[in-house]
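Next up, model-v2.csv (CSV, C-alpha atoms):
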chain,number,residue,atom,x,y,z
D,7,MET,CA,149.7,120.8,59.2
D,8,PHE,CA,147.0,118.9,60.9
D,9,LEU,CA,143.7,117.8,59.2
D,10,THR,CA,141.0,116.0,61.1
D,11,PRO,CA,139.2,113.0,59.4
D,12,PHE,CA,136.0,115.0,59.3
D,13,GLN,CA,137.7,117.9,57.6
D,14,LYS,CA,139.2,115.5,55.1
D,15,LYS,CA,135.8,114.0,54.3
D,16,ASP,CA,134.4,117.5,53.7
D,17,THR,CA,136.5,117.9,50.5
D,18,LEU,CA,137.5,114.4,49.3
D,19,ASN,CA,134.0,113.0,48.9
D,20,VAL,CA,132.2,115.8,47.1
D,21,SER,CA,131.9,116.6,43.5
D,22,GLU,CA,134.1,119.4,42.0
D,23,ALA,CA,131.0,121.6,41.5
D,24,LYS,CA,130.0,121.1,45.2
D,25,LEU,CA,133.6,121.7,46.3
D,26,GLN,CA,133.8,124.9,44.4
D,27,GLN,CA,130.5,126.1,46.0
D,28,LEU,CA,132.0,125.3,49.5
D,29,VAL,CA,135.2,127.2,48.5
D,30,ASP,CA,133.3,130.2,47.3
D,31,GLU,CA,131.3,130.3,50.6
D,32,ASN,CA,134.6,130.0,52.5
D,33,LYS,CA,136.5,132.8,50.9
D,34,GLY,CA,135.8,135.0,53.9
D,35,ILE,CA,138.9,133.4,55.5
D,36,TYR,CA,141.0,135.6,53.2
D,37,SER,CA,140.3,138.8,55.2
D,38,GLU,CA,138.1,137.8,58.2
D,39,PHE,CA,141.0,138.2,60.6
D,40,PHE,CA,144.1,139.1,58.5
D,41,ASP,CA,145.3,142.6,59.0
D,42,PRO,CA,148.4,143.4,56.8
D,43,GLU,CA,149.0,146.6,58.8
D,44,TYR,CA,149.1,144.7,62.1
D,45,LEU,CA,151.5,142.2,60.6
D,46,LYS,CA,153.8,145.0,59.4
D,47,SER,CA,153.7,146.6,62.8
D,48,ILE,CA,154.6,143.4,64.5
D,49,ILE,CA,157.5,142.9,62.2
D,50,LEU,CA,158.8,146.5,62.5
D,51,ASN,CA,158.6,146.6,66.3
D,52,ILE,CA,159.1,143.1,67.5
D,53,CYS,CA,160.4,140.7,64.9
D,54,ASN,CA,163.1,143.0,63.9
D,55,ILE,CA,164.3,143.2,67.5
D,56,PHE,CA,164.3,139.4,67.7
D,57,ASP,CA,166.2,139.1,64.4
D,58,LYS,CA,168.9,141.7,65.0
D,59,TYR,CA,169.6,141.0,68.7
D,60,TYR,CA,168.5,137.4,69.4
D,61,PHE,CA,167.9,134.9,66.6
D,62,ARG,CA,170.1,136.6,64.0
D,63,VAL,CA,168.2,135.1,61.2
D,64,ARG,CA,170.0,133.9,58.0
D,65,PHE,CA,168.3,133.2,54.6
D,66,ILE,CA,170.3,131.0,52.3
D,67,GLY,CA,169.4,130.7,48.7
D,68,PHE,CA,166.6,133.3,48.7
D,69,ASP,CA,168.4,135.9,46.6
D,70,GLU,CA,166.4,135.0,43.6
D,71,ARG,CA,162.9,136.3,43.8
D,72,LEU,CA,160.6,133.4,43.0
D,73,GLU,CA,157.7,133.8,40.5
D,74,ARG,CA,154.7,131.5,40.4
D,75,ASN,CA,155.0,128.8,37.8
D,76,ASN,CA,151.2,128.9,37.6
D,77,PRO,CA,150.2,132.6,37.9
D,78,GLU,CA,146.7,131.7,39.1
D,79,ARG,CA,147.9,129.6,42.0
D,80,PRO,CA,150.1,130.2,45.0
D,81,LEU,CA,153.4,128.6,45.5
D,82,ILE,CA,153.6,126.1,48.4
D,83,TYR,CA,156.5,126.6,50.7
D,84,ALA,CA,157.1,123.5,52.8
D,85,SER,CA,159.4,123.2,55.8
D,86,ASN,CA,160.4,120.9,58.6
D,87,HIS,CA,159.1,121.6,62.1
D,88,SER,CA,161.2,122.4,65.1
D,89,GLY,CA,160.5,119.9,67.8
D,90,MET,CA,159.1,120.7,71.2
D,91,ALA,CA,159.1,124.5,70.8
D,92,PHE,CA,156.7,127.3,70.4
D,93,PRO,CA,156.6,128.3,66.7
D,94,TRP,CA,158.9,131.3,66.8
D,95,ASP,CA,160.8,129.8,63.8
D,96,ALA,CA,157.7,130.1,61.6
D,97,MET,CA,157.0,133.6,62.7
D,98,MET,CA,160.6,134.7,61.9
D,99,PHE,CA,160.5,133.0,58.6
D,100,GLY,CA,157.3,134.7,57.5
D,101,ALA,CA,158.5,138.1,58.8
D,102,GLY,CA,161.9,137.7,57.1
D,103,LEU,CA,160.5,136.6,53.8
D,104,LEU,CA,158.1,139.6,53.7
D,105,GLN,CA,161.0,141.9,54.3
D,106,LEU,CA,163.2,140.2,51.7
D,107,ASN,CA,160.4,140.9,49.2
D,108,ASN,CA,160.1,144.6,50.3
D,109,TYR,CA,156.7,144.0,51.8
D,110,ASP,CA,155.3,142.8,48.5
D,111,GLN,CA,152.4,140.8,49.9
D,112,LYS,CA,152.0,138.7,46.7
D,113,LYS,CA,155.5,137.3,47.1
D,114,SER,CA,155.2,136.7,50.8
D,115,ILE,CA,153.5,133.8,52.6
D,116,ARG,CA,150.4,133.0,54.7
D,117,GLY,CA,150.7,130.0,56.9
D,118,LEU,CA,148.4,127.1,57.3
D,119,THR,CA,148.6,126.4,61.0
D,120,ALA,CA,147.4,123.7,63.4
D,121,PRO,CA,143.9,124.6,64.5
D,122,MET,CA,145.0,124.1,68.1
D,123,LEU,CA,147.1,127.3,67.8
D,124,SER,CA,144.0,129.5,67.2
D,125,GLN,CA,141.4,127.5,69.2
D,126,THR,CA,143.3,127.6,72.5
D,127,LYS,CA,144.0,131.0,74.0
D,128,LEU,CA,147.1,129.8,75.8
D,129,MET,CA,148.6,129.0,72.4
D,130,HIS,CA,148.3,132.7,71.4
D,131,PRO,CA,151.5,134.6,72.4
D,132,TYR,CA,150.8,136.2,75.8
D,133,LEU,CA,147.1,135.5,75.5
D,134,ILE,CA,146.7,138.1,72.7
D,135,ASP,CA,143.4,137.4,70.9
D,136,ASP,CA,143.6,136.0,67.4
D,137,LEU,CA,147.3,137.0,67.0
D,138,TRP,CA,148.1,134.2,64.6
D,139,LYS,CA,145.1,134.9,62.3
D,140,ARG,CA,145.5,138.7,62.4
D,141,ALA,CA,149.1,138.1,61.2
D,142,GLY,CA,147.9,135.9,58.3
D,143,GLY,CA,147.6,132.4,59.7
D,144,VAL,CA,144.7,130.2,58.5
D,145,ASP,CA,143.5,127.0,60.3
D,146,ALA,CA,144.9,124.0,58.4
D,147,THR,CA,141.7,122.2,57.3
D,148,SER,CA,141.1,120.6,53.9
D,149,LEU,CA,138.5,123.1,52.9
D,150,ASN,CA,140.7,126.0,54.0
D,151,PHE,CA,143.6,124.6,52.0
D,152,GLU,CA,141.4,124.3,48.9
D,153,THR,CA,140.2,127.8,49.4
D,154,MET,CA,143.7,129.3,49.9
D,155,MET,CA,144.7,127.6,46.6
D,156,GLN,CA,142.5,130.2,44.9
D,157,TYR,CA,144.0,133.1,46.9
D,158,GLN,CA,145.8,135.6,44.6
D,159,ASP,CA,147.5,137.8,47.2
D,160,SER,CA,150.3,135.7,48.7
D,161,ASN,CA,151.9,132.2,48.6
D,162,LEU,CA,151.3,129.5,51.3
D,163,LEU,CA,153.5,128.0,54.0
D,164,ILE,CA,152.8,124.5,55.3
D,165,TYR,CA,154.6,122.1,57.7
D,166,PRO,CA,153.8,118.7,56.2
D,167,GLU,CA,154.8,116.9,59.5
D,168,GLY,CA,151.9,118.5,61.3
D,169,VAL,CA,151.6,118.4,65.1
D,170,PRO,CA,153.7,115.2,65.3
D,171,GLY,CA,156.5,117.3,63.9
D,172,ILE,CA,156.5,119.8,66.8
D,173,GLY,CA,156.0,117.0,69.3
D,174,LYS,CA,158.8,114.7,68.1
D,175,GLY,CA,161.2,115.4,70.8
D,176,PHE,CA,164.9,116.4,70.8
D,177,ASP,CA,166.0,112.8,70.3
D,178,LYS,CA,164.4,113.0,66.8
D,179,LYS,CA,165.6,116.4,65.9
D,180,TYR,CA,166.0,116.8,62.1
D,181,GLN,CA,164.2,113.5,61.5
D,182,LEU,CA,161.2,114.3,59.3
D,183,GLN,CA,158.1,112.6,60.6
D,184,ARG,CA,155.4,111.1,58.3
D,185,PHE,CA,154.2,113.6,55.8
D,186,SER,CA,150.6,114.7,55.2
D,187,THR,CA,149.6,114.1,51.6
D,188,SER,CA,147.4,117.2,51.4
D,189,PHE,CA,150.1,119.5,49.9
D,190,ILE,CA,150.9,116.8,47.3
D,191,ARG,CA,147.3,116.7,46.3
D,192,MET,CA,147.1,120.4,46.0
D,193,SER,CA,150.3,120.7,44.0
D,194,ILE,CA,149.3,118.1,41.5
D,195,LYS,CA,145.7,119.3,41.2
D,196,TYR,CA,146.6,122.9,40.6
D,197,LYS,CA,150.0,122.2,39.0
D,198,THR,CA,151.9,124.6,41.3
D,199,ASP,CA,155.4,124.2,42.6
D,200,VAL,CA,156.6,123.2,46.1
D,201,ILE,CA,159.5,125.3,47.5
D,202,PRO,CA,161.2,123.2,50.2
D,203,VAL,CA,162.8,125.1,53.1
D,204,SER,CA,165.2,123.5,55.6
D,205,THR,CA,164.9,125.2,58.9
D,206,VAL,CA,168.2,124.7,60.8
D,207,ASN,CA,169.0,125.4,64.5
D,208,ALA,CA,165.3,125.9,65.4
D,209,GLU,CA,165.5,122.6,67.3
D,210,TYR,CA,167.6,124.5,69.8
D,211,ILE,CA,164.9,127.0,70.6
D,212,ASN,CA,163.9,124.5,73.4
D,213,PRO,CA,166.7,121.9,73.5
D,214,TYR,CA,166.8,118.6,75.3
D,215,SER,CA,163.0,118.4,75.7
D,216,TYR,CA,161.2,115.2,75.0
D,217,ASN,CA,157.7,113.8,74.4
D,218,SER,CA,155.5,111.4,76.3
D,219,ASN,CA,152.6,110.0,74.3
D,220,THR,CA,150.6,109.5,77.5
D,221,ILE,CA,151.0,113.1,78.6
D,222,THR,CA,150.4,114.3,75.1
D,223,ARG,CA,147.0,112.5,74.9
D,224,LEU,CA,146.0,114.1,78.2
D,225,ILE,CA,146.9,117.7,77.4
D,226,ASN,CA,145.4,117.4,73.9
D,227,LYS,CA,142.1,117.3,75.7
D,228,ILE,CA,142.6,120.9,76.8
D,229,GLY,CA,143.8,122.1,73.4
D,230,ILE,CA,147.6,122.0,73.9
D,231,PRO,CA,149.3,120.0,71.1
D,232,PHE,CA,152.3,118.8,73.3
D,233,LEU,CA,154.1,119.4,76.5
D,234,PRO,CA,157.9,119.6,76.3
D,235,LEU,CA,159.4,117.5,79.1
D,236,GLY,CA,162.7,119.1,80.0
D,237,LEU,CA,164.5,121.5,82.3
D,238,SER,CA,162.8,124.5,80.7
D,239,LEU,CA,159.4,123.2,81.9
D,240,LEU,CA,160.5,123.7,85.5
D,241,LEU,CA,160.6,127.4,85.0
D,242,VAL,CA,157.0,127.7,83.7
D,243,PRO,CA,155.2,127.6,87.1
D,244,LEU,CA,157.7,130.0,88.6
D,245,GLN,CA,157.5,132.5,85.7
D,246,PRO,CA,154.4,132.3,83.4
D,247,TRP,CA,156.2,134.1,80.6
D,248,ALA,CA,158.5,131.1,80.3
D,249,PHE,CA,155.7,129.2,78.6
D,250,TYR,CA,156.6,131.1,75.5
D,251,MET,CA,160.3,131.4,76.0
D,252,ALA,CA,162.9,130.5,73.4
D,253,PHE,CA,166.7,130.1,73.6
D,254,PRO,CA,168.7,132.2,71.2
D,255,ALA,CA,169.1,129.7,68.4
D,256,ASN,CA,170.8,131.2,65.3
D,257,LEU,CA,167.8,130.5,63.0
D,258,THR,CA,168.8,129.6,59.5
D,259,TYR,CA,166.5,129.0,56.5
D,260,VAL,CA,168.0,127.2,53.5
D,261,ARG,CA,166.0,127.1,50.3
D,262,GLY,CA,166.1,123.7,48.5
D,263,LYS,CA,165.6,122.8,44.9
D,264,THR,CA,162.0,123.4,43.6
D,265,ILE,CA,159.9,120.3,43.6
D,266,LYS,CA,157.2,119.6,41.0
D,267,PRO,CA,155.0,116.8,42.3
D,268,TYR,CA,152.7,117.0,39.3
D,269,GLU,CA,155.7,115.8,37.2
D,270,LEU,CA,156.2,112.7,39.4
D,271,THR,CA,153.2,110.9,38.0
D,272,ASP,CA,151.6,110.3,34.6
D,273,THR,CA,148.3,109.4,36.1
D,274,PRO,CA,145.5,112.0,35.8
D,275,PHE,CA,144.7,113.7,39.1
D,276,GLU,CA,141.2,112.3,39.2
D,277,GLU,CA,142.5,108.7,39.0
D,278,LEU,CA,145.1,109.0,41.7
D,279,THR,CA,144.5,107.0,44.9
D,280,ARG,CA,145.5,107.7,48.5
D,281,VAL,CA,148.3,105.1,48.0
D,282,ASP,CA,149.5,107.0,45.0
D,283,PHE,CA,149.6,110.3,46.9
D,284,ALA,CA,151.4,108.6,49.8
D,285,LYS,CA,154.1,107.3,47.4
D,286,ILE,CA,154.7,110.7,45.9
D,287,ALA,CA,154.8,112.3,49.4
D,288,ASN,CA,157.5,109.8,50.4
D,289,ILE,CA,159.6,110.8,47.3
D,290,VAL,CA,159.2,114.5,48.3
D,291,LYS,CA,160.0,113.7,51.9
D,292,GLU,CA,163.2,111.8,50.9
D,293,GLN,CA,164.4,114.8,48.9
D,294,MET,CA,163.6,117.2,51.8
D,295,GLN,CA,165.3,115.0,54.3
D,296,ASP,CA,168.5,114.9,52.1
D,297,ASP,CA,168.3,118.8,51.8
D,298,LEU,CA,167.9,119.1,55.5
D,299,ASN,CA,170.8,116.8,56.3
D,300,LYS,CA,173.1,118.8,54.1
D,301,ALA,CA,171.9,122.1,55.5
D,302,VAL,CA,172.4,120.9,59.1
D,303,ARG,CA,176.0,119.8,58.2
D,304,GLU,CA,176.8,123.2,56.8
D,305,TYR,CA,174.9,125.6,59.1
D,306,GLY,CA,174.1,123.6,62.2
D,307,LYS,CA,177.6,123.2,63.8
D,308,HIS,CA,177.2,126.2,66.1
D,309,PRO,CA,173.4,126.4,66.8
D,310,TYR,CA,173.7,129.4,69.2
D,311,ASN,CA,176.8,131.2,68.0
D,312,PHE,CA,177.2,132.8,71.4
D,313,GLY,CA,180.0,135.1,70.2
D,314,GLY,CA,177.7,136.6,67.6
D,315,LEU,CA,174.9,136.9,70.2
D,316,ILE,CA,177.0,138.8,72.6
D,317,LYS,CA,178.3,141.1,69.9
D,318,ALA,CA,174.7,141.8,68.7
D,319,ILE,CA,173.4,142.6,72.2
D,320,PHE,CA,176.3,145.0,73.0
D,321,LYS,CA,175.6,146.9,69.8
D,322,ASP,CA,172.7,148.6,71.5
D,323,LEU,CA,172.3,148.0,75.3
D,324,SER,CA,169.2,150.2,75.3
D,325,LYS,CA,167.4,147.2,73.8
D,326,PHE,CA,168.7,144.7,76.4
D,327,PRO,CA,165.6,144.6,78.6
D,328,TYR,CA,163.5,143.6,75.5
D,329,VAL,CA,165.9,141.2,73.9
D,330,LEU,CA,165.7,138.4,76.5
D,331,PRO,CA,162.5,136.3,76.6
D,332,SER,CA,161.7,137.8,80.0
D,333,GLY,CA,160.9,141.1,78.3
D,334,TRP,CA,158.8,139.7,75.5
D,335,ALA,CA,155.4,139.6,77.3
D,336,LEU,CA,155.6,143.3,78.1
D,337,MET,CA,156.8,144.2,74.6
D,338,PHE,CA,154.0,142.3,72.9
D,339,LEU,CA,151.3,143.7,75.2
D,340,GLU,CA,152.5,147.2,74.9
D,341,HIS,CA,152.5,146.9,71.1
D,342,GLU,CA,149.0,145.7,71.3
D,343,ARG,CA,148.0,148.8,73.4
D,344,GLN,CA,149.8,151.2,71.0
D,345,PHE,CA,148.4,149.6,67.9
D,346,ALA,CA,144.8,149.8,69.3
D,347,LYS,CA,145.4,153.5,70.2
D,348,ALA,CA,146.7,154.2,66.6
D,349,ASN,CA,143.3,152.9,65.2
D,350,GLY,CA,144.9,150.0,63.4
D,351,ASN,CA,147.9,151.8,61.8
D,352,PRO,CA,151.5,150.6,62.2
D,353,VAL,CA,153.2,152.1,65.2
D,354,LYS,CA,156.8,153.0,66.0
D,355,MET,CA,157.6,151.9,69.6
D,356,LYS,CA,160.4,153.8,71.4
D,357,PHE,CA,162.9,151.5,73.1
D,358,GLY,CA,164.8,153.1,75.9
D,359,PHE,CA,166.5,151.1,78.6
D,360,PHE,CA,163.8,152.1,81.1
D,361,SER,CA,160.8,152.4,78.8
D,362,TRP,CA,159.5,149.1,80.2
D,363,ILE,CA,158.6,151.0,83.5
D,364,GLY,CA,156.1,153.2,81.7
D,365,TRP,CA,154.8,150.3,79.7
D,366,LEU,CA,154.1,148.4,82.9
D,367,PHE,CA,152.0,151.2,84.2
D,368,LYS,CA,150.0,151.4,80.9
D,369,THR,CA,149.6,147.6,80.7
D,370,PRO,CA,149.4,146.6,84.3
D,371,HIS,CA,148.0,143.1,83.6
D,372,ALA,CA,151.4,142.2,82.1
D,373,ILE,CA,152.7,141.9,85.7
D,374,PHE,CA,150.8,138.6,86.0
D,375,PHE,CA,153.4,137.0,83.7
D,376,TYR,CA,156.1,137.8,86.2
D,377,ILE,CA,154.5,136.6,89.5
D,378,PRO,CA,155.7,133.2,90.5
D,379,ILE,CA,153.0,130.5,90.7
D,380,LEU,CA,150.1,132.8,91.8
D,381,GLY,CA,150.4,134.8,88.5
D,382,TRP,CA,148.9,131.8,86.7
D,383,ILE,CA,145.6,132.4,88.6
D,384,PRO,CA,144.6,135.7,86.9
D,385,LEU,CA,146.0,134.4,83.6
D,386,ILE,CA,143.8,131.3,83.7
D,387,MET,CA,140.9,133.6,84.4
D,388,ARG,CA,141.8,135.7,81.4
D,389,MET,CA,141.9,132.5,79.3
D,390,ALA,CA,138.5,131.5,80.4
D,391,ARG,CA,137.0,134.9,79.7
D,392,LYS,CA,135.1,135.2,76.4
D,393,LYS,CA,136.1,137.7,73.8
D,394,HIS,CA,133.9,140.8,73.4

Would it be possible to restate this file's structure as structure tokens?
Amino acid sequence: MFLTPFQKKDTLNVSEAKLQQLVDENKGIYSEFFDPEYLKSIILNICNIFDKYYFRVRFIGFDERLERNNPERPLIYASNHSGMAFPWDAMMFGAGLLQLNNYDQKKSIRGLTAPMLSQTKLMHPYLIDDLWKRAGGVDATSLNFETMMQYQDSNLLIYPEGVPGIGKGFDKKYQLQRFSTSFIRMSIKYKTDVIPVSTVNAEYINPYSYNSNTITRLINKIGIPFLPLGLSLLLVPLQPWAFYMAFPANLTYVRGKTIKPYELTDTPFEELTRVDFAKIANIVKEQMQDDLNKAVREYGKHPYNFGGLIKAIFKDLSKFPYVLPSGWALMFLEHERQFAKANGNPVKMKFGFFSWIGWLFKTPHAIFFYIPILGWIPLIMRMARKKH
């Protein structure tokens, strides 16, 4: 999660009465973009394909259905970030958790996401407008966090490492970066539990990619949080779809022991200082790092499990053109077309081995993602185009 200094000042230096007024005025974020039917349609048609045939997602320790310790406040799920990769791991976690809870929205999660994901069109999968927010994401600002702590219809997901977590490079895989203290503040203030989640193998979504602080500072100016420097980067100019590609990491989510930051201090919330919050955040980070180390030792020995991958693909070869990342752009864009045609109701896409041919005729702009080098020109023009 990433909070700018200005956004922090917005909520830290105002009275509770003024803060509540700001929160009340901000509650439009609950439903301004979020479309539960769109989210369900994405899961049924796309995430399920990714899960069954590619990532083969595993949830460990989630058999027990969690209840809020404070019924008036959402639980805060907190996880490590996968370095140098597009956030497919977060998408698959949210989709899987919703299905585990039989689409009970109140037991699912909405993610607080780095504002760069929504502010830069390139960071939306295949340039689909507002995809993250329509699927439930909310920009991670202090005011938005305060506002979502009064949200009754789902729990929250945060990544305390923020943007430095996804830009940490493969050499620092599974090394938690400095934690934001915002989720500690919220947990203590509203006396709600933190549910730690160790995300294992997601570091292999884009392996052996590294970070350059100099390059990162440059690309931040155009709204991209980081640029993974590795062999996969060489494919991006030749095939624009590769900007969003992921290797078939066997994504595994391991639930840790519930953390209660509000029990880690005897000082009233109003008297806690930034130093106090930082100390508590370090205690939580140490526990999460220990959990992550154990989870990696147990579930990270075979990050791809190629035998399982091949077996999954051969179960249904009609899905083969859509399982590999080269088919994702066309699949996402065709879903977008069908969902719009269905007037906002979930759709059921038909996946035949040659269905992609008809999809290409119906969504011809998808071809730009497959044109070497020159395909970037019309895509950049689409990025520059204002939404209607």

query: Any idea what the distance is between atom CA of Thr187 of chain D and atom CA of Pro166 of chain D?
result: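 Interatomic distance here is 7.7 Å.
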
message: Which residues are near segment 54-67 of chain D? Cut-off 7 Å, all atoms listed in the file, ignore same chain within fewer than 4 positions. Put them as an NGL selection string.
response: :D and (49-50 or 254-261 or 315 or 318-319 or 329)

- request: Considering all atoms listed in the file, return as a PyMOL selection string whatever protein or nucleic-acid residues lie within 7 Å of Asp159 of chain D, sequence-local ones (same chain, fewer than 2 positions apart) excluded.
  value: chain D and resi 111-112+157

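Proximity to Gly262 of chain D was assessed for D:Leu323, D:Leu45, D:Ala348, D:Val290 counting all atoms listed in the file; the smallest distance is recorded for D:Val290.
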
D:Ala335, D:Ile289, D:Val200, D:Ala146 ranked by distance to Ile35 of chain D, top pick (using only C-alpha atoms):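 Ranking D:Ala335, D:Ile289, D:Val200, D:Ala146 by distance to Ile35 of chain D, first place goes to D:Ala146.
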